[in-house]
$ cat upload22.tsv   # TSV, C-alpha atoms and all ligand atoms
chain	number	residue	atom	x	y	z
A	1	MET	CA	-27.76	-14.91	-39.85
A	2	THR	CA	-27.51	-11.21	-39.20
A	3	ASP	CA	-24.45	-10.12	-37.30
A	4	ILE	CA	-24.32	-6.47	-38.29
A	5	LEU	CA	-27.36	-4.28	-37.86
A	6	THR	CA	-27.62	-0.55	-38.56
A	7	ILE	CA	-30.65	1.25	-37.17
A	8	ARG	CA	-31.80	4.83	-36.70
A	9	ARG	CA	-30.31	6.27	-33.54
A	10	PRO	CA	-32.52	5.32	-30.57
A	11	ASP	CA	-34.27	7.60	-28.07
A	12	ASP	CA	-35.12	6.88	-24.45
A	13	TRP	CA	-38.72	7.86	-23.66
A	14	HIS	CA	-38.32	7.53	-19.86
A	15	LEU	CA	-35.04	8.47	-18.18
A	16	HIS	CA	-33.88	9.65	-14.74
A	17	LEU	CA	-30.77	11.84	-14.95
A	18	ARG	CA	-30.95	13.26	-11.38
A	19	ASP	CA	-28.83	16.34	-10.67
A	20	GLY	CA	-25.36	17.50	-9.59
A	21	ALA	CA	-22.59	14.88	-9.44
A	22	MET	CA	-24.95	12.02	-10.33
A	23	LEU	CA	-26.15	13.88	-13.44
A	24	GLU	CA	-22.55	14.34	-14.58
A	25	ALA	CA	-21.78	10.67	-13.95
A	26	VAL	CA	-24.79	9.17	-15.75
A	27	LEU	CA	-25.45	11.56	-18.63
A	28	PRO	CA	-22.60	10.25	-20.84
A	29	GLU	CA	-23.92	6.70	-20.37
A	30	THR	CA	-27.14	7.68	-22.15
A	31	ALA	CA	-25.71	10.22	-24.60
A	32	ARG	CA	-23.26	7.63	-25.97
A	33	HIS	CA	-26.08	5.77	-27.79
A	34	PHE	CA	-29.25	7.84	-27.53
A	35	ALA	CA	-30.14	11.03	-29.39
A	36	ARG	CA	-32.91	12.22	-27.10
A	37	ALA	CA	-34.59	11.29	-23.84
A	38	ILE	CA	-37.73	12.24	-21.97
A	39	ILE	CA	-36.29	13.53	-18.69
A	40	MET	CA	-38.22	12.57	-15.59
A	41	PRO	CA	-38.93	15.49	-13.24
A	42	ASN	CA	-38.84	13.68	-9.86
A	43	LEU	CA	-35.94	15.64	-8.41
A	44	VAL	CA	-35.94	16.87	-4.82
A	45	PRO	CA	-37.61	19.37	-5.00
A	46	PRO	CA	-39.46	18.32	-8.18
A	47	VAL	CA	-39.49	20.10	-11.55
A	48	VAL	CA	-42.94	21.68	-11.25
A	49	THR	CA	-42.94	24.99	-13.14
A	50	SER	CA	-41.69	26.02	-16.55
A	51	ALA	CA	-38.97	28.03	-14.77
A	52	ASP	CA	-37.86	24.83	-12.97
A	53	ALA	CA	-37.77	22.90	-16.27
A	54	SER	CA	-35.84	25.63	-18.03
A	55	ALA	CA	-33.22	25.77	-15.25
A	56	TYR	CA	-32.93	21.94	-15.14
A	57	ARG	CA	-32.50	21.81	-18.92
A	58	GLU	CA	-29.62	24.29	-18.64
A	59	ARG	CA	-27.98	22.15	-15.94
A	60	ILE	CA	-28.26	19.07	-18.17
A	61	LEU	CA	-26.76	20.87	-21.15
A	62	ALA	CA	-23.96	22.24	-18.97
A	63	ALA	CA	-23.19	18.70	-17.78
A	64	ALA	CA	-23.07	17.50	-21.39
A	65	PRO	CA	-19.97	19.02	-22.99
A	66	GLY	CA	-18.30	16.39	-25.10
A	67	VAL	CA	-21.32	14.14	-25.23
A	68	GLY	CA	-22.28	15.28	-28.69
A	69	THR	CA	-25.74	16.33	-29.69
A	70	PHE	CA	-27.85	14.80	-26.93
A	71	GLU	CA	-31.21	16.56	-26.59
A	72	PRO	CA	-33.07	16.46	-23.28
A	73	LEU	CA	-36.87	16.48	-23.75
A	74	MET	CA	-38.20	18.15	-20.64
A	75	THR	CA	-41.28	17.32	-18.59
A	76	LEU	CA	-43.18	18.94	-15.73
A	77	TYR	CA	-44.15	17.14	-12.52
A	78	LEU	CA	-47.91	17.40	-12.09
A	79	THR	CA	-49.08	18.56	-8.66
A	80	GLU	CA	-52.51	19.53	-7.41
A	81	ASP	CA	-51.33	23.17	-7.63
A	82	THR	CA	-50.01	23.02	-11.20
A	83	ASP	CA	-51.06	26.05	-13.22
A	84	ALA	CA	-52.68	25.09	-16.55
A	85	ASP	CA	-51.50	28.33	-18.21
A	86	ASP	CA	-47.88	27.75	-17.17
A	87	VAL	CA	-48.10	24.23	-18.66
A	88	ALA	CA	-49.60	25.59	-21.88
A	89	SER	CA	-46.93	28.26	-22.32
A	90	ALA	CA	-44.11	25.76	-21.59
A	91	HIS	CA	-45.57	23.56	-24.31
A	92	ALA	CA	-46.10	26.42	-26.77
A	93	SER	CA	-42.48	27.57	-26.40
A	94	GLY	CA	-41.24	24.02	-27.11
A	95	LEU	CA	-39.64	23.73	-23.65
A	96	ILE	CA	-41.61	20.65	-22.54
A	97	LYS	CA	-42.76	17.56	-24.40
A	98	ALA	CA	-44.92	15.96	-21.67
A	99	VAL	CA	-46.30	16.27	-18.14
A	100	LYS	CA	-45.66	13.48	-15.63
A	101	LEU	CA	-48.29	12.17	-13.25
A	102	TYR	CA	-47.12	10.44	-10.08
A	103	PRO	CA	-49.85	9.22	-7.74
A	104	ALA	CA	-48.71	10.65	-4.38
A	105	GLY	CA	-46.58	8.07	-2.58
A	106	ALA	CA	-46.33	5.59	-5.47
A	107	THR	CA	-42.58	5.71	-6.09
A	108	THR	CA	-39.25	7.53	-5.59
A	109	ASN	CA	-39.82	11.25	-4.87
A	110	SER	CA	-43.55	11.14	-5.53
A	111	ALA	CA	-44.65	12.85	-2.30
A	112	SER	CA	-45.67	15.99	-4.22
A	113	GLY	CA	-47.75	13.99	-6.68
A	114	VAL	CA	-51.50	13.76	-7.06
A	115	ALA	CA	-53.78	12.37	-4.35
A	116	ASN	CA	-57.11	13.84	-5.48
A	117	PHE	CA	-57.49	13.58	-9.25
A	118	GLU	CA	-60.37	16.05	-9.23
A	119	ASN	CA	-57.78	18.76	-8.50
A	120	VAL	CA	-55.91	18.23	-11.78
A	121	ARG	CA	-58.98	18.09	-14.01
A	122	ALA	CA	-58.46	21.57	-15.50
A	123	VAL	CA	-54.82	20.85	-16.35
A	124	LEU	CA	-55.71	17.56	-18.04
A	125	GLU	CA	-58.44	19.29	-20.06
A	126	LYS	CA	-55.96	21.93	-21.20
A	127	MET	CA	-53.41	19.25	-22.14
A	128	ALA	CA	-56.03	17.40	-24.20
A	129	GLN	CA	-56.82	20.66	-26.04
A	130	ILE	CA	-53.22	21.47	-26.89
A	131	GLY	CA	-52.10	17.87	-27.62
A	132	LEU	CA	-49.56	17.62	-24.79
A	133	PRO	CA	-48.99	14.00	-23.65
A	134	LEU	CA	-49.47	12.88	-20.05
A	135	CYS	CA	-46.94	10.28	-18.87
A	136	ILE	CA	-48.32	8.19	-16.02
A	137	HIS	CA	-46.74	6.08	-13.29
A	138	GLY	CA	-49.67	3.68	-13.16
A	139	GLU	CA	-49.94	2.20	-9.69
A	140	VAL	CA	-52.50	2.73	-6.96
A	141	VAL	CA	-51.13	3.36	-3.48
A	142	THR	CA	-54.10	2.05	-1.51
A	143	PRO	CA	-52.52	0.10	1.38
A	144	ASP	CA	-54.93	-2.82	1.05
A	145	VAL	CA	-54.01	-3.46	-2.60
A	146	ASP	CA	-51.23	-6.02	-2.94
A	147	ILE	CA	-48.10	-4.49	-4.49
A	148	PHE	CA	-48.18	-7.02	-7.35
A	149	ASP	CA	-51.76	-5.94	-8.23
A	150	ARG	CA	-51.23	-2.18	-8.12
A	151	GLU	CA	-50.82	-1.69	-11.87
A	152	LYS	CA	-53.91	-3.73	-12.79
A	153	VAL	CA	-56.07	-1.95	-10.20
A	154	PHE	CA	-54.77	1.45	-11.36
A	155	ILE	CA	-55.79	0.72	-14.95
A	156	GLU	CA	-59.32	-0.18	-13.87
A	157	THR	CA	-59.95	2.44	-11.22
A	158	VAL	CA	-57.87	5.47	-12.26
A	159	LEU	CA	-56.52	5.28	-15.80
A	160	ASP	CA	-59.64	4.17	-17.59
A	161	PRO	CA	-61.82	6.85	-15.92
A	162	ILE	CA	-59.23	9.56	-16.76
A	163	ARG	CA	-59.20	8.47	-20.40
A	164	ARG	CA	-62.99	8.25	-20.63
A	165	ALA	CA	-63.27	11.78	-19.24
A	166	ASN	CA	-60.57	13.06	-21.66
A	167	PRO	CA	-60.76	10.99	-24.86
A	168	ASP	CA	-58.49	13.46	-26.69
A	169	LEU	CA	-55.76	13.34	-24.04
A	170	LYS	CA	-52.58	11.61	-25.24
A	171	VAL	CA	-51.43	9.22	-22.52
A	172	VAL	CA	-48.27	7.17	-22.09
A	173	MET	CA	-48.53	4.25	-19.69
A	174	GLU	CA	-44.99	4.34	-18.30
A	175	HIS	CA	-42.95	1.20	-17.59
A	176	ILE	CA	-45.77	-1.33	-17.93
A	177	THR	CA	-45.09	-4.59	-16.13
A	178	THR	CA	-48.16	-6.76	-16.68
A	179	LYS	CA	-50.11	-8.55	-19.39
A	180	ASP	CA	-53.04	-6.40	-18.21
A	181	GLY	CA	-51.01	-3.31	-19.12
A	182	VAL	CA	-50.09	-4.74	-22.52
A	183	ASP	CA	-53.71	-5.63	-23.31
A	184	TYR	CA	-55.06	-2.27	-22.17
A	185	ALA	CA	-52.43	-0.31	-24.12
A	186	ARG	CA	-53.11	-2.34	-27.25
A	187	SER	CA	-56.84	-1.66	-27.10
A	188	GLY	CA	-56.47	2.07	-26.45
A	189	GLY	CA	-56.33	3.58	-29.92
A	190	LYS	CA	-53.94	6.19	-31.28
A	191	ASN	CA	-53.93	8.40	-28.17
A	192	LEU	CA	-52.53	5.67	-25.95
A	193	GLY	CA	-48.91	4.51	-25.90
A	194	ALA	CA	-46.82	2.49	-23.46
A	195	THR	CA	-43.15	2.39	-22.58
A	196	ILE	CA	-41.42	-0.85	-21.66
A	197	THR	CA	-38.13	-0.90	-19.76
A	198	THR	CA	-35.08	-2.99	-20.53
A	199	HIS	CA	-35.05	-4.69	-17.13
A	200	HIS	CA	-38.72	-5.75	-17.24
A	201	LEU	CA	-37.93	-7.61	-20.48
A	202	VAL	CA	-35.24	-9.57	-18.62
A	203	ILE	CA	-36.23	-10.18	-15.00
A	204	ASN	CA	-39.26	-11.56	-13.23
A	205	ARG	CA	-39.92	-11.43	-9.48
A	206	ASN	CA	-37.84	-14.56	-8.85
A	207	HIS	CA	-34.75	-12.59	-9.80
A	208	ILE	CA	-35.42	-10.26	-6.86
A	209	LEU	CA	-36.22	-12.87	-4.24
A	210	VAL	CA	-34.83	-16.35	-5.00
A	211	GLY	CA	-31.53	-17.28	-3.34
A	212	GLY	CA	-31.36	-14.10	-1.25
A	213	ILE	CA	-32.75	-10.61	-1.75
A	214	LYS	CA	-31.22	-8.72	-4.71
A	215	PRO	CA	-31.67	-5.00	-4.11
A	216	HIS	CA	-30.36	-4.04	-7.54
A	217	TYR	CA	-33.35	-5.80	-9.14
A	218	TYR	CA	-35.84	-3.89	-7.00
A	219	CYS	CA	-37.67	-1.19	-8.93
A	220	LEU	CA	-41.19	0.15	-9.20
A	221	PRO	CA	-43.47	-1.08	-10.52
A	222	VAL	CA	-41.93	-4.23	-9.09
A	223	ALA	CA	-41.21	-7.04	-11.59
A	224	LYS	CA	-44.08	-9.52	-11.81
A	225	ARG	CA	-44.32	-13.26	-12.52
A	226	GLU	CA	-42.90	-14.84	-15.69
A	227	THR	CA	-46.18	-14.85	-17.66
A	228	HIS	CA	-46.17	-11.06	-17.47
A	229	ARG	CA	-42.55	-10.77	-18.59
A	230	LEU	CA	-43.38	-12.95	-21.60
A	231	ALA	CA	-46.29	-10.65	-22.48
A	232	LEU	CA	-43.93	-7.65	-22.34
A	233	VAL	CA	-41.38	-9.37	-24.59
A	234	GLU	CA	-44.12	-10.24	-27.07
A	235	ALA	CA	-45.36	-6.62	-27.10
A	236	ALA	CA	-41.92	-5.01	-27.41
A	237	THR	CA	-40.80	-7.31	-30.22
A	238	SER	CA	-44.13	-7.20	-32.09
A	239	GLY	CA	-43.42	-3.98	-33.97
A	240	ASP	CA	-46.80	-2.63	-32.75
A	241	SER	CA	-46.48	1.17	-32.76
A	242	THR	CA	-48.15	1.36	-29.31
A	243	PHE	CA	-44.97	0.17	-27.59
A	244	PHE	CA	-41.63	1.97	-27.33
A	245	LEU	CA	-38.50	1.96	-25.21
A	246	GLY	CA	-38.45	3.89	-21.96
A	247	THR	CA	-35.50	2.48	-20.04
A	248	ASP	CA	-36.52	4.01	-16.70
A	249	SER	CA	-32.80	3.94	-16.01
A	250	ALA	CA	-32.97	5.14	-12.40
A	251	PRO	CA	-29.59	5.50	-10.69
A	252	HIS	CA	-29.31	5.25	-6.91
A	253	LEU	CA	-25.95	5.02	-5.16
A	254	ASP	CA	-25.11	1.53	-3.89
A	255	GLY	CA	-25.37	2.80	-0.32
A	256	ALA	CA	-29.03	3.71	-0.91
A	257	LYS	CA	-29.82	0.33	-2.52
A	258	GLU	CA	-27.92	-2.06	-0.25
A	259	THR	CA	-29.59	-1.13	3.02
A	260	ALA	CA	-32.49	-2.12	5.26
A	261	CYS	CA	-34.91	0.09	3.29
A	262	GLY	CA	-33.47	0.25	-0.20
A	263	CYS	CA	-34.51	2.66	-2.97
A	264	ALA	CA	-36.40	1.47	-6.05
A	265	GLY	CA	-34.71	1.73	-9.44
A	266	CYS	CA	-32.47	-0.16	-11.87
A	267	PHE	CA	-29.61	1.61	-13.63
A	268	THR	CA	-29.56	0.36	-17.23
A	269	ALA	CA	-28.36	3.29	-19.37
A	270	THR	CA	-24.94	1.80	-20.12
A	271	ASN	CA	-25.83	-1.67	-21.43
A	272	THR	CA	-29.45	-1.20	-22.56
A	273	MET	CA	-28.86	-1.44	-26.32
A	274	SER	CA	-26.72	-4.60	-26.00
A	275	ILE	CA	-29.35	-6.20	-23.77
A	276	LEU	CA	-32.21	-5.30	-26.10
A	277	ALA	CA	-30.36	-6.71	-29.13
A	278	GLU	CA	-29.89	-9.97	-27.23
A	279	VAL	CA	-33.59	-10.10	-26.21
A	280	PHE	CA	-34.85	-9.33	-29.71
A	281	GLU	CA	-32.42	-11.82	-31.29
A	282	LYS	CA	-33.58	-14.62	-28.96
A	283	GLU	CA	-37.14	-13.96	-30.19
A	284	GLY	CA	-36.03	-14.00	-33.84
A	285	LYS	CA	-37.20	-10.35	-34.03
A	286	LEU	CA	-34.04	-8.32	-34.56
A	287	ASP	CA	-35.78	-6.70	-37.51
A	288	ARG	CA	-38.26	-5.13	-35.03
A	289	LEU	CA	-35.63	-3.59	-32.72
A	290	GLU	CA	-35.55	-0.33	-34.67
A	291	ALA	CA	-39.34	0.14	-34.40
A	292	PHE	CA	-39.16	-0.27	-30.62
A	293	THR	CA	-36.10	1.89	-29.93
A	294	SER	CA	-36.15	4.46	-32.72
A	295	MET	CA	-39.48	4.80	-34.57
A	296	ASN	CA	-42.56	4.19	-32.41
A	297	GLY	CA	-41.63	6.76	-29.75
A	298	PRO	CA	-41.07	9.73	-32.07
A	299	ASN	CA	-44.19	8.77	-34.01
A	300	PHE	CA	-46.28	8.85	-30.82
A	301	TYR	CA	-44.80	12.18	-29.68
A	302	GLY	CA	-45.07	13.70	-33.16
A	303	LEU	CA	-41.30	14.26	-33.39
A	304	PRO	CA	-38.99	13.48	-36.31
A	305	ILE	CA	-37.19	10.15	-36.44
A	306	ASN	CA	-33.44	10.59	-35.95
A	307	GLU	CA	-31.42	10.98	-39.16
A	308	THR	CA	-28.26	9.48	-37.68
A	309	THR	CA	-27.73	5.77	-37.05
A	310	ILE	CA	-25.98	3.34	-34.74
A	311	THR	CA	-24.46	0.02	-35.77
A	312	LEU	CA	-24.74	-3.15	-33.68
A	313	THR	CA	-22.19	-5.89	-34.30
A	314	LYS	CA	-22.35	-9.43	-32.98
A	315	GLY	CA	-19.15	-10.99	-31.65
A	316	ASP	CA	-17.53	-12.14	-28.43
A	317	PRO	CA	-19.37	-11.09	-25.26
A	318	VAL	CA	-19.00	-7.35	-24.61
A	319	PRO	CA	-17.46	-6.51	-21.23
A	320	TYR	CA	-19.50	-4.00	-19.24
A	321	PRO	CA	-18.34	-2.71	-15.86
A	322	ALA	CA	-20.19	-3.99	-12.79
A	323	LYS	CA	-20.19	-0.46	-11.37
A	324	ILE	CA	-19.83	3.14	-12.48
A	325	THR	CA	-17.81	5.43	-10.24
A	326	THR	CA	-19.36	8.70	-9.07
A	327	PRO	CA	-17.83	11.27	-6.72
A	328	ASP	CA	-20.40	10.24	-4.09
A	329	GLY	CA	-19.75	6.49	-4.34
A	330	PRO	CA	-20.28	3.50	-6.62
A	331	LEU	CA	-23.36	2.91	-8.75
A	332	THR	CA	-24.15	-0.67	-9.77
A	333	LEU	CA	-25.08	-1.34	-13.38
A	334	PHE	CA	-28.01	-3.65	-14.10
A	335	ASP	CA	-26.76	-7.23	-14.50
A	336	PRO	CA	-28.84	-9.09	-17.11
A	337	GLN	CA	-27.24	-12.43	-16.07
A	338	MET	CA	-26.50	-13.38	-19.66
A	339	PRO	CA	-23.60	-12.78	-22.03
A	340	LEU	CA	-24.15	-9.74	-24.27
A	341	HIS	CA	-22.80	-10.36	-27.76
A	342	TRP	CA	-23.83	-7.12	-29.44
A	343	SER	CA	-21.46	-4.16	-29.31
A	344	ILE	CA	-22.68	-0.71	-30.29
A	345	GLU	CA	-20.97	1.86	-32.46
A	346	ALA	CA	-22.60	5.27	-32.50
A	401	LIG	N1	-38.63	3.09	-11.33
A	401	LIG	C1	-38.11	3.18	-10.12
A	401	LIG	O1	-38.05	2.16	-9.43
A	401	LIG	N2	-37.63	4.35	-9.63
A	401	LIG	C2	-37.72	5.65	-10.25
A	401	LIG	C3	-39.07	6.26	-10.14
A	401	LIG	C4	-40.09	5.67	-11.09
A	401	LIG	O2	-39.89	5.70	-12.31
A	401	LIG	O3	-41.14	5.18	-10.63
A	401	LIG	C5	-36.69	6.55	-9.57
A	401	LIG	O4	-36.76	7.76	-9.74
A	401	LIG	O5	-35.79	6.04	-8.89
A	402	ZN	ZN	-42.43	5.35	-12.27
A	403	ZN	ZN	-38.99	6.18	-13.85
$ encode --input "upload22.tsv" --output "structure tokens" --more "lines below"
Ligand SMILES: NC(=O)N[C@@H](CC(=O)O)C(=O)O
Ligand SMILES: [Zn+2]
Ligand SMILES: [Zn+2]
Amino acid sequence: MTDILTIRRPDDWHLHLRDGAMLEAVLPETARHFARAIIMPNLVPPVVTSADASAYRERILAAAPGVGTFEPLMTLYLTEDTDADDVASAHASGLIKAVKLYPAGATTNSASGVANFENVRAVLEKMAQIGLPLCIHGEVVTPDVDIFDREKVFIETVLDPIRRANPDLKVVMEHITTKDGVDYARSGGKNLGATITTHHLVINRNHILVGGIKPHYYCLPVAKRETHRLALVEAATSGDSTFFLGTDSAPHLDGAKETACGCAGCFTATNTMSILAEVFEKEGKLDRLEAFTSMNGPNFYGLPINETTITLTKGDPVPYPAKITTPDGPLTLFDPQMPLHWSIEA
């Protein structure tokens, strides 16, 4: 039985760091274990231009003294007014590693996203030409589509047409939550990847709703039924290079979660690696953890695999705090409702 495991240092291919005091509070939680992260641009106002991304990158680096060598991989927030030449020069200079597509209204701070996909055609064509990946929040917002069906309908009615029109475009299906997402990603060839979050490997929709409503398990896309969670676990632990970790760690202050209209997002940066080790061990697939957290992502993005390593050691359950303190109030850490036996040394 393995109880010590050394793997290449992981990266997080989908992370929300926010800004200001929240940025300072959550950045060390990621930088402790992860070498790099794709930084989501859904600030208020969003990170739309290369100048925005450059300024945000500086704020992240300024918030990072003492957190070692963490490298933020910047993205731009796609709007119907995005300038294809600005995107191309931000890519050519190395500033950005992806562009993020939010369907308008689909999730937290997505109001400036895309409503009419015809209006972003030129940008997508340019991205396909230059090999810049498009990260997609894949849910339709049509009011008559049930929230549990929004990912499946998006794949059929939006994602597949975009990919057929741009076969050379590299696409990441972000935070997939369904067997439909797993199957589509798997059949998509080398230009299609998919991130899977930590929390969607652990919770199904019962965790949100049974025995009282649990706002800290509410995120978007919302967790689905158990058959879908099992499909995600199978995909993540399979070693298939299509699938890689994007935690979607999405901090919201407790006051914004525990209210009549609570924000979507689970904060998982702190305990993600311990949770993943537990999930992979239960499947008898600890030997595939490194592919999921440290190899498949850089391979998809065409970036080097990290030279440094982390070591996971199995022992008595690791204590994690229930909450992180920020100057603006407490922030609840995702509770996986199981003992976590793997401690991490970076
Ligand atoms: N996942 C979430 O539930 N929330 C994210 C936005 C997102 O990734 O959709 C956030 O920014 O809070
Ligand atoms: Zn999203
Ligand atoms: Zn996200």
$ residues_around --input "upload22.tsv" --residues "A:Gly66" --least-positions-apart "6" --cutoff "12 Å" --atoms "all atoms listed in the file" --output "JSON, numbers by chain"
{"A": [24, 27, 28, 31, 32]}
$ closest_residue --input "upload22.tsv" --among "A:Glu80, A:Asp146, A:Asp12, A:Glu234" --to "ligand ZN 403 (chain A)" --atoms "all atoms listed in the file"
A:Asp12
$ residues_near_ligand --input "upload22.tsv" --ligand "ligand LIG 401 (chain A)" --cutoff "10 Å" --atoms "all atoms listed in the file" --output "PyMOL selection string"
chain A and resi 14-18+40-43+102+106-110+136-139+174-175+197+217-223+246-252+263-267
$ closest_residue --input "upload22.tsv" --among "A:Asp254, A:Pro327, A:Arg205, A:His33" --to "A:Thr272" --atoms "only C-alpha atoms"
A:His33
$ residues_around --input "upload22.tsv" --residues "A:His228" --least-positions-apart "5" --cutoff "10 Å" --atoms "only C-alpha atoms" --output "PDB file with C-alpha atoms, in the frame of the given file"
ATOM      1  CA  ILE A 176     -45.770  -1.330 -17.930  1.00  0.00           C
ATOM      2  CA  THR A 177     -45.090  -4.590 -16.130  1.00  0.00           C
ATOM      3  CA  THR A 178     -48.160  -6.760 -16.680  1.00  0.00           C
ATOM      4  CA  LYS A 179     -50.110  -8.550 -19.390  1.00  0.00           C
ATOM      5  CA  ASP A 180     -53.040  -6.400 -18.210  1.00  0.00           C
ATOM      6  CA  GLY A 181     -51.010  -3.310 -19.120  1.00  0.00           C
ATOM      7  CA  VAL A 182     -50.090  -4.740 -22.520  1.00  0.00           C
ATOM      8  CA  HIS A 200     -38.720  -5.750 -17.240  1.00  0.00           C
ATOM      9  CA  LEU A 201     -37.930  -7.610 -20.480  1.00  0.00           C
ATOM     10  CA  ASN A 204     -39.260 -11.560 -13.230  1.00  0.00           C
ATOM     11  CA  ALA A 223     -41.210  -7.040 -11.590  1.00  0.00           C
ATOM     12  CA  VAL A 233     -41.380  -9.370 -24.590  1.00  0.00           C
ATOM     13  CA  GLU A 234     -44.120 -10.240 -27.070  1.00  0.00           C
TER      14      GLU A 234
END
$ atom_distance --input "upload22.tsv" --atom1 "atom CA of A:Val158" --atom2 "atom CA of A:Val140"
8.0 Å
$ atom_distance --input "upload22.tsv" --atom1 "atom CA of A:Val114" --atom2 "atom CA of A:Ala128"
18.1 Å
$ build_atoms --input "upload22.tsv" --residues "stretch 325-346 of chain A" --atoms "N, CA and C atoms" --output "mmCIF file, in the coordinates of the input"
data_model
loop_
_atom_site.group_PDB
_atom_site.id
_atom_site.type_symbol
_atom_site.label_atom_id
_atom_site.label_comp_id
_atom_site.auth_asym_id
_atom_site.auth_seq_id
_atom_site.Cartn_x
_atom_site.Cartn_y
_atom_site.Cartn_z
ATOM 1 N N THR A 325 -18.291 4.659 -11.375
ATOM 2 C CA THR A 325 -17.810 5.430 -10.240
ATOM 3 C C THR A 325 -18.403 6.839 -10.279
ATOM 4 N N THR A 326 -18.927 7.305 -9.172
ATOM 5 C CA THR A 326 -19.360 8.700 -9.070
ATOM 6 C C THR A 326 -18.615 9.316 -7.887
ATOM 7 N N PRO A 327 -18.542 10.645 -7.835
ATOM 8 C CA PRO A 327 -17.830 11.270 -6.720
ATOM 9 C C PRO A 327 -18.452 10.916 -5.360
ATOM 10 N N ASP A 328 -19.718 10.543 -5.354
ATOM 11 C CA ASP A 328 -20.400 10.240 -4.090
ATOM 12 C C ASP A 328 -20.399 8.750 -3.756
ATOM 13 N N GLY A 329 -19.803 7.922 -4.629
ATOM 14 C CA GLY A 329 -19.750 6.490 -4.340
ATOM 15 C C GLY A 329 -20.116 5.685 -5.578
ATOM 16 N N PRO A 330 -20.019 4.349 -5.464
ATOM 17 C CA PRO A 330 -20.280 3.500 -6.620
ATOM 18 C C PRO A 330 -21.768 3.361 -6.942
ATOM 19 N N LEU A 331 -22.012 3.067 -8.225
ATOM 20 C CA LEU A 331 -23.360 2.910 -8.750
ATOM 21 C C LEU A 331 -23.359 1.610 -9.555
ATOM 22 N N THR A 332 -24.153 0.644 -9.122
ATOM 23 C CA THR A 332 -24.150 -0.670 -9.770
ATOM 24 C C THR A 332 -24.987 -0.661 -11.031
ATOM 25 N N LEU A 333 -24.404 -1.221 -12.092
ATOM 26 C CA LEU A 333 -25.080 -1.340 -13.380
ATOM 27 C C LEU A 333 -25.947 -2.598 -13.368
ATOM 28 N N PHE A 334 -27.102 -2.508 -13.995
ATOM 29 C CA PHE A 334 -28.010 -3.650 -14.100
ATOM 30 C C PHE A 334 -27.292 -4.858 -14.709
ATOM 31 N N ASP A 335 -27.394 -5.996 -14.028
ATOM 32 C CA ASP A 335 -26.760 -7.230 -14.500
ATOM 33 C C ASP A 335 -27.815 -8.134 -15.128
ATOM 34 N N PRO A 336 -27.789 -8.298 -16.458
ATOM 35 C CA PRO A 336 -28.840 -9.090 -17.110
ATOM 36 C C PRO A 336 -28.623 -10.598 -16.941
ATOM 37 N N GLN A 337 -27.532 -11.007 -16.300
ATOM 38 C CA GLN A 337 -27.240 -12.430 -16.070
ATOM 39 C C GLN A 337 -27.220 -13.237 -17.350
ATOM 40 N N MET A 338 -26.711 -12.627 -18.417
ATOM 41 C CA MET A 338 -26.500 -13.380 -19.660
ATOM 42 C C MET A 338 -25.385 -12.685 -20.431
ATOM 43 N N PRO A 339 -24.623 -13.430 -21.215
ATOM 44 C CA PRO A 339 -23.600 -12.780 -22.030
ATOM 45 C C PRO A 339 -24.234 -11.868 -23.065
ATOM 46 N N LEU A 340 -23.618 -10.711 -23.303
ATOM 47 C CA LEU A 340 -24.150 -9.740 -24.270
ATOM 48 C C LEU A 340 -23.197 -9.705 -25.468
ATOM 49 N N HIS A 341 -23.681 -10.187 -26.594
ATOM 50 C CA HIS A 341 -22.800 -10.360 -27.760
ATOM 51 C C HIS A 341 -22.786 -9.164 -28.699
ATOM 52 N N TRP A 342 -23.696 -8.209 -28.484
ATOM 53 C CA TRP A 342 -23.830 -7.120 -29.440
ATOM 54 C C TRP A 342 -23.115 -5.878 -28.928
ATOM 55 N N SER A 343 -22.121 -5.412 -29.676
ATOM 56 C CA SER A 343 -21.460 -4.160 -29.310
ATOM 57 C C SER A 343 -22.068 -3.043 -30.188
ATOM 58 N N ILE A 344 -21.992 -1.835 -29.657
ATOM 59 C CA ILE A 344 -22.680 -0.710 -30.290
ATOM 60 C C ILE A 344 -21.660 0.329 -30.734
ATOM 61 N N GLU A 345 -21.789 0.757 -31.971
ATOM 62 C CA GLU A 345 -20.970 1.860 -32.460
ATOM 63 C C GLU A 345 -21.883 2.992 -32.867
ATOM 64 N N ALA A 346 -21.683 4.146 -32.242
ATOM 65 C CA ALA A 346 -22.600 5.270 -32.500
ATOM 66 C C ALA A 346 -21.959 6.265 -33.436
#
